[in-house]
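Student: Below is the structure I would like to discuss, written out as structure tokens.
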Amino acid sequence: MASPTQAPEQATAHEPHPYIGGRNAALRALTGWRMERPGAPRVVILTGSPGTGCSRLLTGFLMLCDPEFRKGLVELDAFDPATVPPDLPAPAVPSVAGLTAAQTLWLLADHYGLSATRTADIFPELGQLPLSGRPVTIVVPDVDRAGPVRGAGEPAHVVRDVLKPLAAIESIRLLADVPREFAVELAEGLPPGVAQIIDLDAPEWADPEGLVLQAEAMLNPQFGAPELPFTTEPDARRALAEVIARHAGDGAGSRLTVHLAVQSILMHPEGFDPADASQLPGSVGEVLDLHAQRLDTHPRTLRQILAPLALAEGVPVHLLTPLASAVADRDMSEDMARGMLLVAPFIRPIERAGEGIPEDERMLLGLQHPGIGEAVRAGIPDVPGAQVRIAMELLEAVPHQDWAKAGTYVRDHIAGHTLEAGLLPRLLTDPGLFAHADPVRLRAAVEAVPPEQLDAPARTYLRTAPLLTRTQAPAILRAALLESAFVEDGLPEYAAVLRRTVPELPWHTLWSVPVAGVDAVTVGKLPPSAAASDSAADAPAKQEPPESAPLAVAVSAVPQGTPGSSPLKADDPKAPALLVQDLATGSVIDADPTQILRPSDDERATGRLGFSRGADYVRVWRRGEQKGDEKIVTALISATPFTGTDLSPDGILLVATESGVKALQIRPAQPYATTARRSVTAPQAAEPEPAQAPEPKPEAAQAPQAPGPDAHPTA
């Protein structure tokens, strides 16, 4: 690993960057990386404490790397030439904020048009791009904001699963903004001189003049500051900017400290004395305390109001008071009623648009910067305990414990709060939460729980979650896929909960059996005299229909030796065998396969439902009175390709994958008796059609995927 290079001497004869207002030493280092100067590192790791200015520095540098932005800079020649990167095509900049490591990789794959179908294939393909003349320069900002759930530790996954493999590819030039605790880890293992760490908190990268320029610009009425004695008079403005910058220092959080200090002064200038050094902060935490004191409020009150925002990611306005009261363990209503001026410098509104968002959740409140949240959390003596109280408050906000009626924030963020509280495994027994919560957030939270702490329902959810996130399925389809997964995993009681609480389910899973090697399936019917169910002795209380009614069966082509199957050719060990099951219950039927009658073409053509199939999806549609009037009823999606599919005349969908066979009653279905037999019309053919090995699966295109990283398969 290379040690950080020394910062070059700063030049003063050039105009500062219009967005950064300084940081020339760091800009020179980044420009050297971009120009591929001799001796320049191939991998640059930018780091610093929250609020030091890493994100702003990287944003300003990328502005100069953008050909379109450069065209609008008439003063480009006035900059220090050593801080101006060459005019090259813009680098790839995957925004990892809110995304998982896998999603970040798929963003890169999409950007470069790779053909990879697994995350493991992305790195070799990226490494081959320079051979085709395509440069690979990647800039990854804001790794500290990775992941949909803060407590899931996604920044570590991005560093280890994305950045380290990228850094190891000699043909890739990488610039990444990472938390300090991962900077050395990212550089470890690289040859000497390959990596450089730029720690903006370190003295060699200090930028005191940049801090002064930042404060001076914020105090200038030309940029929106109110006209005050210390803002309108240039010398007074410069003097105040210098003293603010000097107190903030060049270390941890300096840029954010200056920004918040000026905001606090301008929003409430009454009582502020520029000559009183005790009113100037040296850290973000001191900004909070001094601001509260100037407004005659105890600093603890300000921190208690901000606590829910520090423990969450954007809170609906109507929830802020109850959550603040929960964290403080006292009624905060009066404090909140007069607290907006108190919190104004530290919060920002977040507007949400789109269909399905309740009116009271279209406006959220968030913190101005993650560094504020870190300062507030540092003052909370028991963060898990505070998250427990928030979680309890959110659970009480679920009407009648019906997650379908819960607010969007409660549904989608309860998992993150309970994860940090250490209570998430106790919440993962509610199928309603599985169905209605945002699957990306819930999956990230569940994956952060040690596997040994997960009960069977949570393991079923975790197995199904990649399918839910990949397809971006709506809540009803998520519930349907989970209902089927619970049946597959032998958890019928959880499937029953979803059938009861989500009456709009497009199907009910009748049965599922794990059978390996199923090549194809078909439905058929068996004369009553030819059928003998292995489970008949186990269900004496069931009322059997008349013996004259044929029995609807499922027939699967399986390898010889499969329990319950009958070989088609006993003298050919490679020939398939047939497994016959009751279509309604899945019970194995001991029957002569030659007696099974498959639906005729007329029966299939006149059935109320039809289906079409791709490799990993089956669409079921209702026939109309005329051709072209068909309407899609539902679509069944699978994590693995289907090996066989068929649909009975009365709407039972039979599907097989490499892991087994299952039957689903498509709804709304015609009423039928809940017995082991099902009446169907006898075929018109005089001679029965012996059952053959079911037809091979048709060739079909992959199901269309939703755009974006979630549309890709996971590794």
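Lettering and numbering for the structure tokens are positional, with chains as A, B, ... in the shown order, residues counted from 1 in each chain, and ligands counted from 1 in the shown order.
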Return as a list of chain:residue names the full set of residues in stretch 492-527 of chain A whose backbone-based DSSP assignment is strand (DSSP E or B).
Tutor: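 Answer for stretch 492-527 of chain A restricted to strand (DSSP E or B) is A:Trp507, A:His508, A:Thr509, A:Leu510, A:Trp511, A:Ser512, A:Val513, A:Ala520, A:Val521, A:Thr522, A:Val523, A:Gly524, A:Lys525, A:Leu526.
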Student: Would you output that residue set with C-alpha atoms, as a PDB file, in the first residue's frame?
Tutor:
ATOM      1  CA  TRP A 507     -53.984 -17.874  -6.779  1.00  0.00           C
ATOM      2  CA  HIS A 508     -54.045 -20.288  -3.863  1.00  0.00           C
ATOM      3  CA  THR A 509     -51.280 -22.861  -3.812  1.00  0.00           C
ATOM      4  CA  LEU A 510     -52.927 -26.276  -3.419  1.00  0.00           C
ATOM      5  CA  TRP A 511     -49.772 -28.299  -2.865  1.00  0.00           C
ATOM      6  CA  SER A 512     -46.064 -28.453  -3.537  1.00  0.00           C
ATOM      7  CA  VAL A 513     -43.705 -31.413  -3.462  1.00  0.00           C
ATOM      8  CA  ALA A 520     -42.199 -31.911 -18.078  1.00  0.00           C
ATOM      9  CA  VAL A 521     -45.717 -32.025 -16.629  1.00  0.00           C
ATOM     10  CA  THR A 522     -49.266 -32.400 -17.884  1.00  0.00           C
ATOM     11  CA  VAL A 523     -52.752 -32.567 -16.426  1.00  0.00           C
ATOM     12  CA  GLY A 524     -55.108 -35.439 -17.117  1.00  0.00           C
ATOM     13  CA  LYS A 525     -57.983 -37.464 -15.691  1.00  0.00           C
ATOM     14  CA  LEU A 526     -58.251 -40.984 -14.495  1.00  0.00           C
TER      15      LEU A 526
END
Student: Extract, using only C-alpha atoms, all DNA, RNA and protein residues at most 9 Å from A:Gly51, discarding same-chain residues fewer than 5 positions from it, and format them as a ChimeraX atom specification.
Tutor: /A:252-257,284,369-372
Student: Set the distance at 9 Å and use only C-alpha atoms: which residues neighbour A:Val446 once local chain neighbours fewer than 2 positions away are removed? I'd like the list as a list in words.
Tutor: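 Final neighbour list, sorted by chain and number: Ala152, Ala415, Leu419, Leu424, Pro425, Leu428, Arg441, Leu442, Arg443, Ala444, Ala448, Val449, Pro450, Pro451, Leu454, Ala458, Tyr461 and Leu462 of chain A.
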Student: Name the residues of stretch 302-538 of chain A that fall into alpha helix (DSSP H) according to DSSP on the backbone, using the chain letters and numbers of this document, as a PyMOL selection string.
Tutor: chain A and resi 302-310+317-328+333-337+340-343+370-378+383-396+408-421+424-427+431-436+439-447+456-471+475-488+492-501
Student: Considering only C-alpha atoms, return as a list of chain:residue names whatever protein or nucleic-acid residues lie within 10 Å of A:Ala275, sequence-local ones (same chain, fewer than 2 positions apart) excluded.
Tutor: A:Ala239, A:Leu240, A:Val243, A:Phe272, A:Asp273, A:Ala277, A:Ser278, A:Gln279, A:Leu280
Student: Between A:Glu68, A:Asp207, A:Asp235, A:Glu658, which has the minimum distance to A:Gly517 (counting only C-alpha atoms)?
Tutor: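 For A:Gly517, the nearest of the given residues is A:Glu658.
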Student: Choose the residue, out of A:Gly385, A:Pro528, A:Pro399, A:Gly561, that has the smallest atom-to-atom separation from A:Gly422; count only C-alpha atoms.
Tutor: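 The closest residue to A:Gly422 is A:Gly385.
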Student: Applying 9 Å and only C-alpha atoms, which residues near A:His14 remain after dropping the ones on its own chain fewer than 3 positions away? List them as a PDB file with all heavy atoms, in the first residue's frame.
Tutor:
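Listing of out.pdb after writing:
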ATOM      1  N   ALA A  11      -0.776  27.431  -4.549  1.00  0.00           N
ATOM      2  CA  ALA A  11      -0.603  28.662  -5.329  1.00  0.00           C
ATOM      3  C   ALA A  11      -1.698  29.642  -4.959  1.00  0.00           C
ATOM      4  O   ALA A  11      -2.796  29.264  -4.619  1.00  0.00           O
ATOM      5  CB  ALA A  11      -0.657  28.340  -6.818  1.00  0.00           C
ATOM      6  N   ALA A  78      -8.437  30.984 -15.829  1.00  0.00           N
ATOM      7  CA  ALA A  78      -7.987  31.674 -14.621  1.00  0.00           C
ATOM      8  C   ALA A  78      -7.667  30.714 -13.484  1.00  0.00           C
ATOM      9  O   ALA A  78      -7.106  31.124 -12.468  1.00  0.00           O
ATOM     10  CB  ALA A  78      -9.053  32.668 -14.157  1.00  0.00           C
ATOM     11  N   PHE A  79      -8.033  29.440 -13.642  1.00  0.00           N
ATOM     12  CA  PHE A  79      -7.741  28.454 -12.608  1.00  0.00           C
ATOM     13  C   PHE A  79      -6.276  28.045 -12.666  1.00  0.00           C
ATOM     14  O   PHE A  79      -5.601  28.188 -13.699  1.00  0.00           O
ATOM     15  CB  PHE A  79      -8.602  27.201 -12.790  1.00  0.00           C
ATOM     16  CG  PHE A  79     -10.072  27.423 -12.617  1.00  0.00           C
ATOM     17  CD1 PHE A  79     -10.974  26.418 -12.936  1.00  0.00           C
ATOM     18  CD2 PHE A  79     -10.571  28.620 -12.139  1.00  0.00           C
ATOM     19  CE1 PHE A  79     -12.324  26.596 -12.784  1.00  0.00           C
ATOM     20  CE2 PHE A  79     -11.927  28.819 -11.987  1.00  0.00           C
ATOM     21  CZ  PHE A  79     -12.818  27.805 -12.311  1.00  0.00           C
ATOM     22  N   ASP A  80      -5.816  27.500 -11.561  1.00  0.00           N
ATOM     23  CA  ASP A  80      -4.492  26.886 -11.535  1.00  0.00           C
ATOM     24  C   ASP A  80      -4.490  25.731 -12.534  1.00  0.00           C
ATOM     25  O   ASP A  80      -5.287  24.797 -12.404  1.00  0.00           O
ATOM     26  CB  ASP A  80      -4.201  26.382 -10.118  1.00  0.00           C
ATOM     27  CG  ASP A  80      -2.842  25.714  -9.994  1.00  0.00           C
ATOM     28  OD1 ASP A  80      -2.141  25.569 -11.016  1.00  0.00           O
ATOM     29  OD2 ASP A  80      -2.498  25.322  -8.867  1.00  0.00           O
ATOM     30  N   PRO A  81      -3.642  25.749 -13.558  1.00  0.00           N
ATOM     31  CA  PRO A  81      -3.660  24.671 -14.566  1.00  0.00           C
ATOM     32  C   PRO A  81      -3.482  23.288 -13.957  1.00  0.00           C
ATOM     33  O   PRO A  81      -3.989  22.302 -14.501  1.00  0.00           O
ATOM     34  CB  PRO A  81      -2.488  25.034 -15.481  1.00  0.00           C
ATOM     35  CG  PRO A  81      -2.280  26.496 -15.291  1.00  0.00           C
ATOM     36  CD  PRO A  81      -2.631  26.771 -13.860  1.00  0.00           C
TER      37      PRO A  81
END
Student: Using only C-alpha atoms for the distances, tell me which of A:Leu131, A:Val44, A:Leu302, A:Leu260 is nearest to A:Leu186.
Tutor: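 Using only C-alpha atoms, the shortest distance to A:Leu186 belongs to A:Val44.
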Student: From the set A:Ala577, A:Leu583, A:Ala324, A:Val588, which residue has the shortest atom-to-atom contact distance to A:Arg303, counting only C-alpha atoms?
Tutor: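 Among A:Ala577, A:Leu583, A:Ala324, A:Val588, it is A:Ala324 that comes nearest to A:Arg303.
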Student: List the neighbours of stretch 333-339 of chain A out to 9 Å using only C-alpha atoms; skip same-chain residues closer than 5 positions along the sequence, and give me the result as number ranges by chain.
Tutor: A: 301-302, 305, 320-322, 324-325, 344
Student: Find, counting only C-alpha atoms, the residue in A:Thr100, A:Leu342, A:Val149, A:Thr117 that gets nearest to A:Thr469.
Tutor: A:Thr100
Student: Nearest residue to A:Asp276 out of A:His318, A:His247, A:Arg598, A:Arg56, using only C-alpha atoms?
Tutor: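 Smallest separation from A:Asp276 among the options: A:His247.
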Student: What does the distance between atom CA of A:Thr31 and atom CA of A:Val84 come to in Å, to one decimal place?
Tutor: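 Result for atom CA of A:Thr31 versus atom CA of A:Val84: 6.3 Å, one decimal.
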Student: Could you state the separation of atom CA of A:Gly147 and atom CA of A:Ala639 in Å, given to one decimal place?
Tutor: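 Computing it gives 23.2 Å between the two atoms.
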Student: Have a look at atom CA of A:Gly314 and atom CA of A:Asp331 and let me know their distance in Å, one decimal.
Tutor: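 According to the coordinates, atom CA of A:Gly314 and atom CA of A:Asp331 are separated by 21.3 Å.
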